[in-house]
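protein_1.pdb, holding PDB, C-alpha atoms and all ligand atoms:
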ATOM      1  CA  MET I  21     -36.953  16.201  63.704
ATOM      2  CA  VAL I  22     -37.960  12.696  62.853
ATOM      3  CA  SER I  23     -41.498  12.356  61.575
ATOM      4  CA  ARG I  24     -43.861  10.461  63.840
ATOM      5  CA  ARG I  25     -45.900   9.320  60.863
ATOM      6  CA  LYS I  26     -46.943   5.763  61.370
ATOM      7  CA  PHE I  27     -46.660   2.929  58.953
ATOM      8  CA  ILE I  28     -49.207   0.645  60.475
ATOM      9  CA  ILE I  29     -50.352  -0.989  57.296
ATOM     10  CA  SER I  30     -52.361  -3.990  58.016
ATOM     11  CA  SER I  31     -53.599  -5.684  61.067
ATOM     12  CA  THR I  32     -57.077  -4.788  62.118
ATOM     13  CA  VAL I  33     -57.269  -2.410  65.028
ATOM     14  CA  VAL I  34     -60.345  -3.115  67.070
ATOM     15  CA  GLY I  35     -62.182  -1.921  70.095
ATOM     16  CA  ALA I  36     -62.119  -3.939  73.291
ATOM     17  CA  GLY I  37     -63.619  -7.368  72.803
ATOM     18  CA  LEU I  38     -64.588  -6.908  69.176
ATOM     19  CA  VAL I  39     -63.278  -9.424  66.691
ATOM     20  CA  THR I  40     -64.112  -8.516  63.139
ATOM     21  CA  GLY I  41     -62.738 -11.529  61.353
ATOM     22  CA  PHE I  42     -60.896  -9.361  58.846
ATOM     23  CA  LYS I  43     -58.120 -11.437  57.326
ATOM     24  CA  PRO I  44     -55.469  -9.223  55.748
ATOM     25  CA  ASP I  45     -52.989 -10.329  53.137
ATOM     26  CA  ILE I  46     -49.820 -11.755  54.670
ATOM     27  CA  LYS I  47     -47.684  -9.206  52.816
ATOM     28  CA  ASP I  48     -49.423  -6.413  54.704
ATOM     29  CA  VAL I  49     -47.421  -6.735  57.844
ATOM     30  CA  GLY I  50     -47.963  -4.247  60.629
ATOM     31  CA  PHE I  51     -44.743  -2.350  61.244
ATOM     32  CA  SER I  52     -43.458   0.962  62.386
ATOM     33  CA  ILE I  53     -40.219   2.908  62.254
ATOM     34  CA  ASN I  54     -39.887   2.906  66.013
ATOM     35  CA  GLN I  55     -36.347   1.683  66.123
ATOM     36  CA  GLN I  56     -35.044   4.514  63.929
ATOM     37  CA  GLN I  57     -36.878   6.975  66.131
ATOM     38  CA  ASN I  58     -35.581   5.306  69.268
ATOM     39  CA  GLN I  59     -39.183   4.760  70.161
ATOM     40  CA  PRO I  60     -40.098   1.804  72.349
ATOM     41  CA  VAL I  61     -42.633  -0.871  71.458
ATOM     42  CA  VAL I  62     -44.445  -3.362  73.665
ATOM     43  CA  ILE I  63     -46.651  -6.158  72.399
ATOM     44  CA  SER I  64     -48.583  -8.741  74.383
ATOM     45  CA  THR I  65     -51.137 -11.495  73.955
ATOM     46  CA  TRP I  66     -54.920 -11.165  74.195
ATOM     47  CA  GLN I  67     -57.119  -8.358  75.341
ATOM     48  CA  HIS I  68     -55.669  -8.410  78.844
ATOM     49  CA  GLY I  69     -52.467  -7.189  77.174
ATOM     50  CA  ILE I  70     -54.004  -3.732  76.819
ATOM     51  CA  GLU I  71     -53.884  -3.021  80.560
ATOM     52  CA  ALA I  72     -50.536  -4.705  80.996
ATOM     53  CA  ASN I  73     -49.065  -2.667  78.145
ATOM     54  CA  GLU I  74     -50.020   0.573  79.916
ATOM     55  CA  VAL I  75     -47.649  -0.153  82.783
ATOM     56  CA  ALA I  76     -44.899  -1.461  80.516
ATOM     57  CA  TRP I  77     -45.171   1.594  78.281
ATOM     58  CA  GLU I  78     -44.667   4.035  81.166
ATOM     59  CA  ILE I  79     -41.435   2.265  82.061
ATOM     60  CA  LEU I  80     -40.237   2.249  78.467
ATOM     61  CA  LEU I  81     -41.075   5.946  77.997
ATOM     62  CA  ASP I  82     -39.125   6.744  81.113
ATOM     63  CA  ASN I  83     -36.017   5.259  79.528
ATOM     64  CA  GLY I  84     -36.556   2.022  81.458
ATOM     65  CA  ARG I  85     -35.172  -1.343  80.555
ATOM     66  CA  ALA I  86     -37.360  -3.675  78.490
ATOM     67  CA  LEU I  87     -36.809  -6.311  81.173
ATOM     68  CA  ASP I  88     -38.424  -4.117  83.839
ATOM     69  CA  ALA I  89     -41.231  -3.185  81.460
ATOM     70  CA  VAL I  90     -42.229  -6.771  80.701
ATOM     71  CA  GLU I  91     -41.977  -7.905  84.314
ATOM     72  CA  GLN I  92     -44.077  -5.021  85.628
ATOM     73  CA  GLY I  93     -46.481  -5.261  82.711
ATOM     74  CA  VAL I  94     -47.436  -8.890  83.199
ATOM     75  CA  ARG I  95     -47.718  -8.414  86.965
ATOM     76  CA  VAL I  96     -50.874  -6.420  86.213
ATOM     77  CA  THR I  97     -52.462  -9.517  84.682
ATOM     78  CA  GLU I  98     -51.129 -11.806  87.404
ATOM     79  CA  ALA I  99     -52.812  -9.685  90.082
ATOM     80  CA  ASP I 100     -56.184  -9.409  88.339
ATOM     81  CA  PRO I 101     -58.684 -11.832  89.932
ATOM     82  CA  ASN I 102     -60.997 -11.563  86.936
ATOM     83  CA  ILE I 103     -58.505 -13.066  84.527
ATOM     84  CA  THR I 104     -59.005 -16.773  85.047
ATOM     85  CA  SER I 105     -56.017 -17.975  83.048
ATOM     86  CA  VAL I 106     -53.139 -16.140  84.740
ATOM     87  CA  GLY I 107     -51.985 -15.684  88.357
ATOM     88  CA  TYR I 108     -54.479 -14.783  91.083
ATOM     89  CA  GLY I 109     -57.919 -16.096  90.117
ATOM     90  CA  GLY I 110     -56.451 -18.536  87.575
ATOM     91  CA  TYR I 111     -58.456 -21.726  87.225
ATOM     92  CA  PRO I 112     -57.031 -24.550  89.339
ATOM     93  CA  ASP I 113     -56.012 -28.028  88.286
ATOM     94  CA  ARG I 114     -58.621 -30.769  88.495
ATOM     95  CA  ASP I 115     -57.805 -31.267  92.176
ATOM     96  CA  GLY I 116     -58.434 -27.626  93.008
ATOM     97  CA  ASN I 117     -54.814 -26.377  93.207
ATOM     98  CA  VAL I 118     -53.844 -23.159  91.449
ATOM     99  CA  THR I 119     -50.400 -23.879  89.991
ATOM    100  CA  LEU I 120     -48.553 -21.227  88.043
ATOM    101  CA  ASP I 121     -45.867 -21.226  85.346
ATOM    102  CA  ALA I 122     -43.751 -18.267  84.168
ATOM    103  CA  CYS I 123     -40.523 -17.364  82.451
ATOM    104  CA  ILE I 124     -38.512 -14.285  81.572
ATOM    105  CA  MET I 125     -35.600 -13.551  79.278
ATOM    106  CA  ASP I 126     -33.402 -10.474  78.890
ATOM    107  CA  GLU I 127     -31.209  -8.891  76.231
ATOM    108  CA  ASN I 128     -28.119 -10.792  77.371
ATOM    109  CA  CYS I 129     -29.573 -14.289  76.865
ATOM    110  CA  ASN I 130     -30.201 -14.605  80.581
ATOM    111  CA  ALA I 131     -33.303 -16.619  81.381
ATOM    112  CA  GLY I 132     -35.291 -17.611  84.445
ATOM    113  CA  SER I 133     -38.326 -19.792  84.911
ATOM    114  CA  VAL I 134     -40.651 -21.305  87.490
ATOM    115  CA  ALA I 135     -43.272 -23.994  87.063
ATOM    116  CA  PHE I 136     -45.862 -25.757  89.198
ATOM    117  CA  LEU I 137     -45.549 -22.899  91.671
ATOM    118  CA  LYS I 138     -48.354 -22.609  94.236
ATOM    119  CA  ASN I 139     -49.517 -19.738  96.446
ATOM    120  CA  ILE I 140     -47.349 -17.009  94.953
ATOM    121  CA  MET I 141     -49.153 -14.153  93.239
ATOM    122  CA  HIS I 142     -46.263 -13.086  90.995
ATOM    123  CA  PRO I 143     -44.449 -16.057  89.500
ATOM    124  CA  ILE I 144     -42.845 -13.763  86.914
ATOM    125  CA  SER I 145     -40.899 -11.970  89.636
ATOM    126  CA  VAL I 146     -39.775 -15.292  91.094
ATOM    127  CA  ALA I 147     -38.627 -16.305  87.603
ATOM    128  CA  ARG I 148     -36.636 -13.080  87.376
ATOM    129  CA  LEU I 149     -34.959 -13.834  90.690
ATOM    130  CA  VAL I 150     -34.134 -17.366  89.528
ATOM    131  CA  MET I 151     -32.431 -15.693  86.560
ATOM    132  CA  GLU I 152     -30.597 -13.101  88.608
ATOM    133  CA  LYS I 153     -29.803 -14.882  91.869
ATOM    134  CA  THR I 154     -29.248 -18.542  91.083
ATOM    135  CA  PRO I 155     -26.921 -20.521  88.826
ATOM    136  CA  HIS I 156     -30.024 -22.194  87.329
ATOM    137  CA  VAL I 157     -32.663 -21.371  84.742
ATOM    138  CA  MET I 158     -35.671 -23.237  86.081
ATOM    139  CA  LEU I 159     -37.080 -24.091  89.508
ATOM    140  CA  VAL I 160     -40.281 -26.056  89.969
ATOM    141  CA  GLY I 161     -42.803 -26.961  92.643
ATOM    142  CA  GLU I 162     -41.693 -27.082  96.241
ATOM    143  CA  GLY I 163     -38.175 -25.875  95.423
ATOM    144  CA  ALA I 164     -39.518 -22.841  93.572
ATOM    145  CA  LEU I 165     -41.859 -22.072  96.469
ATOM    146  CA  ARG I 166     -39.072 -22.339  99.038
ATOM    147  CA  PHE I 167     -36.886 -20.064  96.930
ATOM    148  CA  ALA I 168     -39.710 -17.522  96.648
ATOM    149  CA  LEU I 169     -40.402 -17.529 100.382
ATOM    150  CA  ALA I 170     -36.698 -17.208 101.162
ATOM    151  CA  ASN I 171     -36.670 -14.102  98.983
ATOM    152  CA  GLY I 172     -39.504 -12.325 100.712
ATOM    153  CA  PHE I 173     -42.550 -13.438  98.710
ATOM    154  CA  GLN I 174     -45.687 -14.077 100.765
ATOM    155  CA  LYS I 175     -47.863 -17.181 100.581
ATOM    156  CA  GLU I 176     -51.350 -16.289  99.379
ATOM    157  CA  ASN I 177     -54.531 -18.133  98.528
ATOM    158  CA  LEU I 178     -54.881 -17.723  94.767
ATOM    159  CA  LEU I 179     -58.194 -19.563  94.426
ATOM    160  CA  THR I 180     -60.916 -16.921  94.227
ATOM    161  CA  ALA I 181     -64.590 -17.630  94.901
ATOM    162  CA  GLN I 182     -65.215 -17.291  91.150
ATOM    163  CA  SER I 183     -62.595 -19.832  90.092
ATOM    164  CA  LYS I 184     -63.559 -22.196  92.921
ATOM    165  CA  ALA I 185     -67.162 -22.106  91.730
ATOM    166  CA  ALA I 186     -66.051 -22.750  88.138
ATOM    167  CA  TRP I 187     -63.976 -25.719  89.306
ATOM    168  CA  GLU I 188     -66.879 -27.166  91.325
ATOM    169  CA  LYS I 189     -69.140 -26.875  88.313
ATOM    170  CA  TRP I 190     -66.481 -28.466  86.122
ATOM    171  CA  ILE I 191     -66.061 -31.370  88.563
ATOM    172  CA  LYS I 192     -69.793 -32.071  88.408
ATOM    173  CA  GLU I 193     -69.958 -31.961  84.633
ATOM    174  CA  ASN I 194     -66.693 -33.449  83.446
ATOM    175  CA  ASN I 195     -66.039 -36.748  85.110
ATOM    176  CA  TYR I 196     -62.456 -35.731  86.006
ATOM    177  CA  THR I 197     -61.347 -35.646  82.344
ATOM    178  CA  PRO I 198     -58.338 -33.291  82.396
ATOM    179  CA  TYR I 199     -58.644 -31.703  78.970
ATOM    180  CA  LYS I 200     -61.148 -31.348  76.202
ATOM    181  CA  PRO I 201     -60.178 -29.254  73.161
ATOM    182  CA  ASP I 202     -63.426 -27.299  73.142
ATOM    183  CA  GLU I 203     -63.075 -26.066  76.724
ATOM    184  CA  LYS I 204     -60.694 -23.164  75.926
ATOM    185  CA  ASN I 205     -59.886 -22.666  79.600
ATOM    186  CA  HIS I 206     -56.596 -20.976  78.888
ATOM    187  CA  ASP I 207     -55.096 -17.654  77.720
ATOM    188  CA  THR I 208     -51.587 -16.806  78.832
ATOM    189  CA  ILE I 209     -50.060 -13.361  78.841
ATOM    190  CA  GLY I 210     -46.844 -13.246  76.880
ATOM    191  CA  MET I 211     -45.217  -9.835  76.509
ATOM    192  CA  ILE I 212     -42.191  -8.732  74.508
ATOM    193  CA  ALA I 213     -40.713  -5.248  74.402
ATOM    194  CA  LEU I 214     -38.076  -3.103  72.767
ATOM    195  CA  ASP I 215     -36.681  -0.259  74.869
ATOM    196  CA  LYS I 216     -35.200   3.112  73.918
ATOM    197  CA  ASN I 217     -31.717   1.605  73.994
ATOM    198  CA  GLY I 218     -32.793  -0.889  71.343
ATOM    199  CA  ASN I 219     -32.782  -3.850  73.734
ATOM    200  CA  LEU I 220     -35.366  -6.631  73.764
ATOM    201  CA  SER I 221     -36.800  -8.676  76.631
ATOM    202  CA  GLY I 222     -39.802 -10.916  77.198
ATOM    203  CA  ALA I 223     -42.027 -12.403  79.891
ATOM    204  CA  CYS I 224     -44.664 -15.101  79.839
ATOM    205  CA  THR I 225     -46.949 -16.126  82.723
ATOM    206  CA  THR I 226     -49.969 -18.395  83.076
ATOM    207  CA  SER I 227     -52.060 -20.717  85.186
ATOM    208  CA  GLY I 228     -52.020 -23.042  82.182
ATOM    209  CA  LEU I 229     -54.952 -25.172  81.150
ATOM    210  CA  GLY I 230     -57.885 -24.936  83.519
ATOM    211  CA  PHE I 231     -58.599 -28.238  85.309
ATOM    212  CA  LYS I 232     -55.399 -29.826  84.027
ATOM    213  CA  MET I 233     -53.872 -32.916  85.635
ATOM    214  CA  GLN I 234     -51.898 -32.125  88.761
ATOM    215  CA  GLY I 235     -48.266 -31.406  87.827
ATOM    216  CA  ARG I 236     -49.037 -30.514  84.208
ATOM    217  CA  ILE I 237     -46.726 -27.857  82.797
ATOM    218  CA  GLY I 238     -47.323 -26.189  79.464
ATOM    219  CA  ASP I 239     -45.104 -24.271  77.082
ATOM    220  CA  SER I 240     -45.242 -20.970  78.956
ATOM    221  CA  PRO I 241     -42.323 -21.529  81.376
ATOM    222  CA  ILE I 242     -40.241 -23.404  78.800
ATOM    223  CA  ILE I 243     -37.583 -21.180  77.252
ATOM    224  CA  GLY I 244     -37.802 -21.593  73.487
ATOM    225  CA  ALA I 245     -41.392 -22.833  73.557
ATOM    226  CA  GLY I 246     -43.422 -20.136  75.346
ATOM    227  CA  LEU I 247     -40.842 -17.369  74.976
ATOM    228  CA  TYR I 248     -37.564 -16.630  73.274
ATOM    229  CA  VAL I 249     -35.451 -13.495  72.993
ATOM    230  CA  ASP I 250     -32.338 -12.983  70.925
ATOM    231  CA  ASN I 251     -31.243  -9.389  71.185
ATOM    232  CA  GLU I 252     -29.499  -9.512  67.810
ATOM    233  CA  VAL I 253     -32.686 -10.560  66.029
ATOM    234  CA  GLY I 254     -35.996 -10.316  67.866
ATOM    235  CA  ALA I 255     -38.319 -11.843  70.406
ATOM    236  CA  ALA I 256     -41.378 -14.077  70.281
ATOM    237  CA  THR I 257     -43.923 -15.484  72.684
ATOM    238  CA  ALA I 258     -46.756 -17.978  72.428
ATOM    239  CA  THR I 259     -50.230 -18.675  73.693
ATOM    240  CA  GLY I 260     -52.609 -21.559  73.178
ATOM    241  CA  LEU I 261     -52.345 -25.281  73.666
ATOM    242  CA  GLY I 262     -48.957 -25.728  75.309
ATOM    243  CA  GLU I 263     -48.674 -29.411  74.446
ATOM    244  CA  ALA I 264     -48.641 -28.457  70.760
ATOM    245  CA  ILE I 265     -46.375 -25.414  71.117
ATOM    246  CA  ILE I 266     -43.731 -27.409  73.012
ATOM    247  CA  LYS I 267     -43.572 -30.002  70.235
ATOM    248  CA  ILE I 268     -42.408 -27.431  67.682
ATOM    249  CA  VAL I 269     -40.379 -25.303  70.153
ATOM    250  CA  GLY I 270     -42.529 -22.505  68.813
ATOM    251  CA  SER I 271     -41.052 -19.229  70.041
ATOM    252  CA  HIS I 272     -37.501 -20.226  69.191
ATOM    253  CA  LEU I 273     -38.680 -21.240  65.746
ATOM    254  CA  VAL I 274     -40.237 -17.798  65.240
ATOM    255  CA  VAL I 275     -37.013 -16.018  66.252
ATOM    256  CA  GLU I 276     -34.935 -18.241  63.967
ATOM    257  CA  GLN I 277     -37.266 -17.442  61.077
ATOM    258  CA  MET I 278     -36.750 -13.725  61.727
ATOM    259  CA  ARG I 279     -32.993 -14.354  61.776
ATOM    260  CA  MET I 280     -33.356 -15.777  58.284
ATOM    261  CA  GLY I 281     -35.068 -12.607  57.119
ATOM    262  CA  LYS I 282     -38.764 -13.237  57.646
ATOM    263  CA  SER I 283     -40.938 -10.417  58.932
ATOM    264  CA  PRO I 284     -42.464 -10.985  62.389
ATOM    265  CA  THR I 285     -45.852 -11.958  60.941
ATOM    266  CA  GLU I 286     -44.322 -14.269  58.356
ATOM    267  CA  ALA I 287     -42.143 -15.875  61.039
ATOM    268  CA  CYS I 288     -45.196 -16.510  63.242
ATOM    269  CA  LYS I 289     -46.993 -17.955  60.229
ATOM    270  CA  VAL I 290     -44.178 -20.466  59.678
ATOM    271  CA  ALA I 291     -44.532 -21.647  63.288
ATOM    272  CA  VAL I 292     -48.311 -21.987  62.972
ATOM    273  CA  GLU I 293     -47.979 -23.948  59.739
ATOM    274  CA  ARG I 294     -45.348 -26.210  61.306
ATOM    275  CA  LEU I 295     -47.641 -26.843  64.259
ATOM    276  CA  LEU I 296     -50.633 -27.629  62.081
ATOM    277  CA  LYS I 297     -48.555 -29.977  59.944
ATOM    278  CA  LYS I 298     -46.788 -31.830  62.745
ATOM    279  CA  VAL I 299     -49.265 -31.999  65.613
ATOM    280  CA  LYS I 300     -51.787 -34.579  64.550
ATOM    281  CA  GLY I 301     -55.357 -34.071  65.643
ATOM    282  CA  PHE I 302     -54.795 -30.499  66.792
ATOM    283  CA  SER I 303     -58.163 -28.859  67.296
ATOM    284  CA  ASP I 304     -57.470 -26.100  69.798
ATOM    285  CA  ILE I 305     -55.912 -22.661  69.256
ATOM    286  CA  ALA I 306     -52.274 -21.567  69.260
ATOM    287  CA  GLY I 307     -50.879 -18.166  68.419
ATOM    288  CA  PHE I 308     -47.553 -16.390  68.299
ATOM    289  CA  ILE I 309     -46.517 -12.753  68.464
ATOM    290  CA  ALA I 310     -43.123 -11.405  67.480
ATOM    291  CA  LEU I 311     -41.117  -8.196  67.568
ATOM    292  CA  ASN I 312     -37.851  -7.659  65.766
ATOM    293  CA  LYS I 313     -34.849  -5.480  66.488
ATOM    294  CA  GLN I 314     -36.177  -2.823  64.095
ATOM    295  CA  GLY I 315     -39.408  -2.443  66.051
ATOM    296  CA  GLU I 316     -41.514  -4.304  63.495
ATOM    297  CA  TYR I 317     -44.123  -6.567  65.020
ATOM    298  CA  GLY I 318     -46.748  -9.104  64.050
ATOM    299  CA  GLY I 319     -48.733 -12.151  65.050
ATOM    300  CA  TYR I 320     -50.326 -15.222  63.585
ATOM    301  CA  SER I 321     -52.594 -17.915  64.974
ATOM    302  CA  THR I 322     -54.047 -21.245  64.008
ATOM    303  CA  ASN I 323     -57.631 -19.975  64.243
ATOM    304  CA  PHE I 324     -59.784 -16.922  64.083
ATOM    305  CA  GLY I 325     -60.164 -15.175  67.432
ATOM    306  CA  PHE I 326     -56.634 -14.504  68.610
ATOM    307  CA  GLN I 327     -55.895 -10.889  69.452
ATOM    308  CA  TYR I 328     -52.806  -9.080  70.624
ATOM    309  CA  ALA I 329     -52.179  -5.670  72.129
ATOM    310  CA  VAL I 330     -49.554  -3.291  70.778
ATOM    311  CA  TYR I 331     -48.363  -0.088  72.415
ATOM    312  CA  SER I 332     -46.304   1.891  69.979
ATOM    313  CA  GLU I 333     -45.843   5.584  69.203
ATOM    314  CA  GLY I 334     -48.111   6.638  72.007
ATOM    315  CA  GLU I 335     -51.026   4.422  71.023
ATOM    316  CA  ASN I 336     -52.227   1.236  72.712
ATOM    317  CA  LYS I 337     -54.367  -0.896  70.434
ATOM    318  CA  LEU I 338     -55.866  -4.337  70.145
ATOM    319  CA  ILE I 339     -55.186  -6.123  66.876
ATOM    320  CA  ASN I 340     -56.944  -9.087  65.345
ATOM    321  CA  SER I 341     -54.280 -11.587  64.481
ATOM    322  CA  GLU I 342     -54.038 -13.084  61.059
ATOM    323  CA  PHE I 343     -54.838 -16.786  61.152
ATOM    324  CA  ALA I 344     -54.559 -20.009  59.226
ATOM    325  CA  LYS I 345     -58.113 -21.324  59.207
TER     326      LYS I 345
HETATM  327  N1  LIG E   1     -49.929 -21.888  76.622
HETATM  328  C1  LIG E   1     -50.654 -22.049  77.844
HETATM  329  C2  LIG E   1     -50.436 -23.428  78.380
HETATM  330  O1  LIG E   1     -50.537 -24.374  77.610
HETATM  331  C3  LIG E   1     -52.110 -21.763  77.708
HETATM  332  C4  LIG E   1     -52.495 -20.572  76.835
HETATM  333  O2  LIG E   1     -51.687 -19.700  76.566
HETATM  334  O3  LIG E   1     -53.652 -20.475  76.408
HETATM  335  O4  LIG E   1     -50.254 -23.576  79.556
END
Go through the file and emit its structure as structure tokens.
Amino acid sequence: MVSRRKFIISSTVVGAGLVTGFKPDIKDVGFSINQQQNQPVVISTWQHGIEANEVAWEILLDNGRALDAVEQGVRVTEADPNITSVGYGGYPDRDGNVTLDACIMDENCNAGSVAFLKNIMHPISVARLVMEKTPHVMLVGEGALRFALANGFQKENLLTAQSKAAWEKWIKENNYTPYKPDEKNHDTIGMIALDKNGNLSGACTTSGLGFKMQGRIGDSPIIGAGLYVDNEVGAATATGLGEAIIKIVGSHLVVEQMRMGKSPTEACKVAVERLLKKVKGFSDIAGFIALNKQGEYGGYSTNFGFQYAVYSEGENKLINSEFAK
């Protein structure tokens, strides 16, 4: 029988909401021997990843496909009205419209994406249908909505009383300025998973920056920026200021670094360093998480405060990401 002894070496495991600020050495990369044990792994961004991982994990344990796990996992976050940066209850743009972005990618390099989608609670499932039922990768706006409705999705009001009140307050205080770095009105869920068959998939879904300009799209629905999966190598997803992540095609960069032999944490660190070097005047947060074909995982962010949730070997835990500054 294969030992279930864990080799979680580094990253700080914390209780809900607690950020300790512990900054481990980069060589101490969190990893496990899941792949050899045919054990699944799911990893996702921020504290809301904990709940989402629960659903994904059940699917993975049941011999499910990583693709189903990540889709069902992030739907939990999309449906939660208290998470104001994803799906239902997401903060609107500066004109009061909730507009959602999402993408998904499977083990066969299939990809689907939607952006500037209104009134649909689960953009990730629309993105999956774009991948599976159309000859395209990306549908946006009215076309994405029409496609969703034609496929049985219902129109819903996604603006909750809480996010409407936050928008009204913002309008009063902010003179219609679409983005200020200190606002931090954003936190996407990106989720990547490895299933018992050794296949990888990923999903990423968001309402983007709160009070953004109408029509603004971030990195999250952009394949290669917000998410990338290469089943031969690994998968990565991003969170944080999309305008910066797009400029370095962040998630693809992380996967390519793993292809060249970097560990997941080291690969994420390369992307963060590239971002900090290239994106002048960056003063927000951006973070990456990655999972390789061997079941090793890691994350890295520009700043203190980024956390990611890992479900592996029967344990779901929140980890303080390593960070640059
Ligand atoms: N990356 C998202 C966007 O720019 C926001 C975030 O993840 O915090 O839309």
- [ ] Could you check which of I:Gly110, I:Gly172, I:Gly315, I:Gly244 is closest to Leu149 in chain I, using all atoms listed in the file?
- [x] I:Gly172
How close does each residue of chain I get to ligand LIG 1 (chain E), giving the shortest atom pair and distance in Å to one decimal for every residue with an atom at most 10 Å away, counting only C-alpha atoms and all ligand atoms, sorted by chain and residue number, as a Markdown table?
| residue | atom | partner | partner_atom | distance |
| --- | --- | --- | --- | --- |
| I:Thr65 | CA | E:LIG1 | O2 | 8.6 |
| I:Trp66 | CA | E:LIG1 | O2 | 9.4 |
| I:Ser105 | CA | E:LIG1 | O3 | 7.5 |
| I:Val106 | CA | E:LIG1 | O2 | 9.0 |
| I:Leu120 | CA | E:LIG1 | O4 | 9.0 |
| I:Asp121 | CA | E:LIG1 | O4 | 7.6 |
| I:Ala122 | CA | E:LIG1 | O4 | 9.6 |
| I:Lys204 | CA | E:LIG1 | O3 | 7.6 |
| I:Asn205 | CA | E:LIG1 | O3 | 7.3 |
| I:His206 | CA | E:LIG1 | O3 | 3.9 |
| I:Asp207 | CA | E:LIG1 | O3 | 3.4 |
| I:Thr208 | CA | E:LIG1 | O2 | 3.7 |
| I:Ile209 | CA | E:LIG1 | O2 | 6.9 |
| I:Gly210 | CA | E:LIG1 | O2 | 8.1 |
| I:Cys224 | CA | E:LIG1 | O2 | 9.0 |
| I:Thr225 | CA | E:LIG1 | C1 | 8.5 |
| I:Thr226 | CA | E:LIG1 | O4 | 6.3 |
| I:Ser227 | CA | E:LIG1 | O4 | 6.6 |
| I:Gly228 | CA | E:LIG1 | O4 | 3.2 |
| I:Leu229 | CA | E:LIG1 | O4 | 5.2 |
| I:Gly230 | CA | E:LIG1 | O4 | 8.7 |
| I:Lys232 | CA | E:LIG1 | O4 | 9.2 |
| I:Arg236 | CA | E:LIG1 | O4 | 8.4 |
| I:Ile237 | CA | E:LIG1 | O4 | 6.4 |
| I:Gly238 | CA | E:LIG1 | O4 | 3.9 |
| I:Asp239 | CA | E:LIG1 | N1 | 5.4 |
| I:Ser240 | CA | E:LIG1 | N1 | 5.3 |
| I:Pro241 | CA | E:LIG1 | O4 | 8.4 |
| I:Ala245 | CA | E:LIG1 | N1 | 9.1 |
| I:Gly246 | CA | E:LIG1 | N1 | 6.9 |
| I:Thr257 | CA | E:LIG1 | N1 | 9.6 |
| I:Ala258 | CA | E:LIG1 | N1 | 6.6 |
| I:Thr259 | CA | E:LIG1 | O2 | 3.4 |
| I:Gly260 | CA | E:LIG1 | O3 | 3.6 |
| I:Leu261 | CA | E:LIG1 | O1 | 4.4 |
| I:Gly262 | CA | E:LIG1 | O1 | 3.1 |
| I:Glu263 | CA | E:LIG1 | O1 | 6.2 |
| I:Ala264 | CA | E:LIG1 | O1 | 8.2 |
| I:Ile265 | CA | E:LIG1 | N1 | 7.4 |
| I:Ile266 | CA | E:LIG1 | O1 | 8.8 |
| I:Asp304 | CA | E:LIG1 | O3 | 9.5 |
| I:Ile305 | CA | E:LIG1 | O3 | 7.8 |
| I:Ala306 | CA | E:LIG1 | O3 | 7.4 |
| I:Gly307 | CA | E:LIG1 | O2 | 8.3 |
| I:Phe308 | CA | E:LIG1 | O2 | 9.8 |
- [ ] Using only C-alpha atoms, determine which residues lie at most 12 Å from range 152-158 of chain I, disregarding the query and same-chain residues fewer than 4 positions distant; provide the list as a VMD selection string.
- [x] chain I and resid 87 121 to 126 128 to 137 143 to 148 163 to 164 167 to 168 170 to 171 241 to 243
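In this structure, CA of Leu178 in chain I sits 24.3 Å away from CA of Leu247 in chain I.
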Open item on the list: Can you spell out as a PyMOL selection string the set of residues that the PyMOL selection byres (((chain I and resi 73) around 8) and not hetatm) selects in the structure I just provided?
Closed with: chain I and resi 62-64+69-72+74-77+93+329-331+336
Open item on the list: Given the PyMOL selection byres (((chain I and resi 214-218) around 10) and not hetatm) and the file above, list the residues it selects as a ChimeraX atom specification.
Closed with: /I:54-63,77,79-90,127,212-213,219-222,251-252,254-255,311-316
TODO: Return as a PyMOL selection string the set of residues that the PyMOL selection byres (((chain I and resi 277-289) around 7) and not hetatm) yields on the displayed structure.
DONE: chain I and resi 49+253+273-276+290-293+308-312+316-320
Can you spit out the residues from that selection as a CSV table (one decimal), in the frame of the given file, using C-alpha atoms?
chain,number,residue,atom,x,y,z
I,49,VAL,CA,-47.4,-6.7,57.8
I,253,VAL,CA,-32.7,-10.6,66.0
I,273,LEU,CA,-38.7,-21.2,65.7
I,274,VAL,CA,-40.2,-17.8,65.2
I,275,VAL,CA,-37.0,-16.0,66.3
I,276,GLU,CA,-34.9,-18.2,64.0
I,290,VAL,CA,-44.2,-20.5,59.7
I,291,ALA,CA,-44.5,-21.6,63.3
I,292,VAL,CA,-48.3,-22.0,63.0
I,293,GLU,CA,-48.0,-23.9,59.7
I,308,PHE,CA,-47.6,-16.4,68.3
I,309,ILE,CA,-46.5,-12.8,68.5
I,310,ALA,CA,-43.1,-11.4,67.5
I,311,LEU,CA,-41.1,-8.2,67.6
I,312,ASN,CA,-37.9,-7.7,65.8
I,316,GLU,CA,-41.5,-4.3,63.5
I,317,TYR,CA,-44.1,-6.6,65.0
I,318,GLY,CA,-46.7,-9.1,64.0
I,319,GLY,CA,-48.7,-12.2,65.0
I,320,TYR,CA,-50.3,-15.2,63.6
Task: Point-to-point distance from CA of His68 in chain I to CA of Glu342 in chain I, Å rounded to tenths - done: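 Spanning CA of His68 in chain I to CA of Glu342 in chain I is a straight-line distance of 18.5 Å.
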So that all listed atoms of range 72-83 of chain I fit with 5 Å spare on each side, what axis-aligned box centre and edge lengths in Å, to one decimal, would you give as lines of an AutoDock Vina configuration file?
center_x = -43.3
center_y = 1.0
center_z = 80.4
size_x = 24.5
size_y = 21.4
size_z = 14.8
Task: Residue nearest Ser271 in chain I - candidates I:Glu176, I:Val249, I:Trp187, I:Lys337, atoms counted: all atoms listed in the file - done: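 Answer, going by the shortest atom-to-atom distance: I:Val249.
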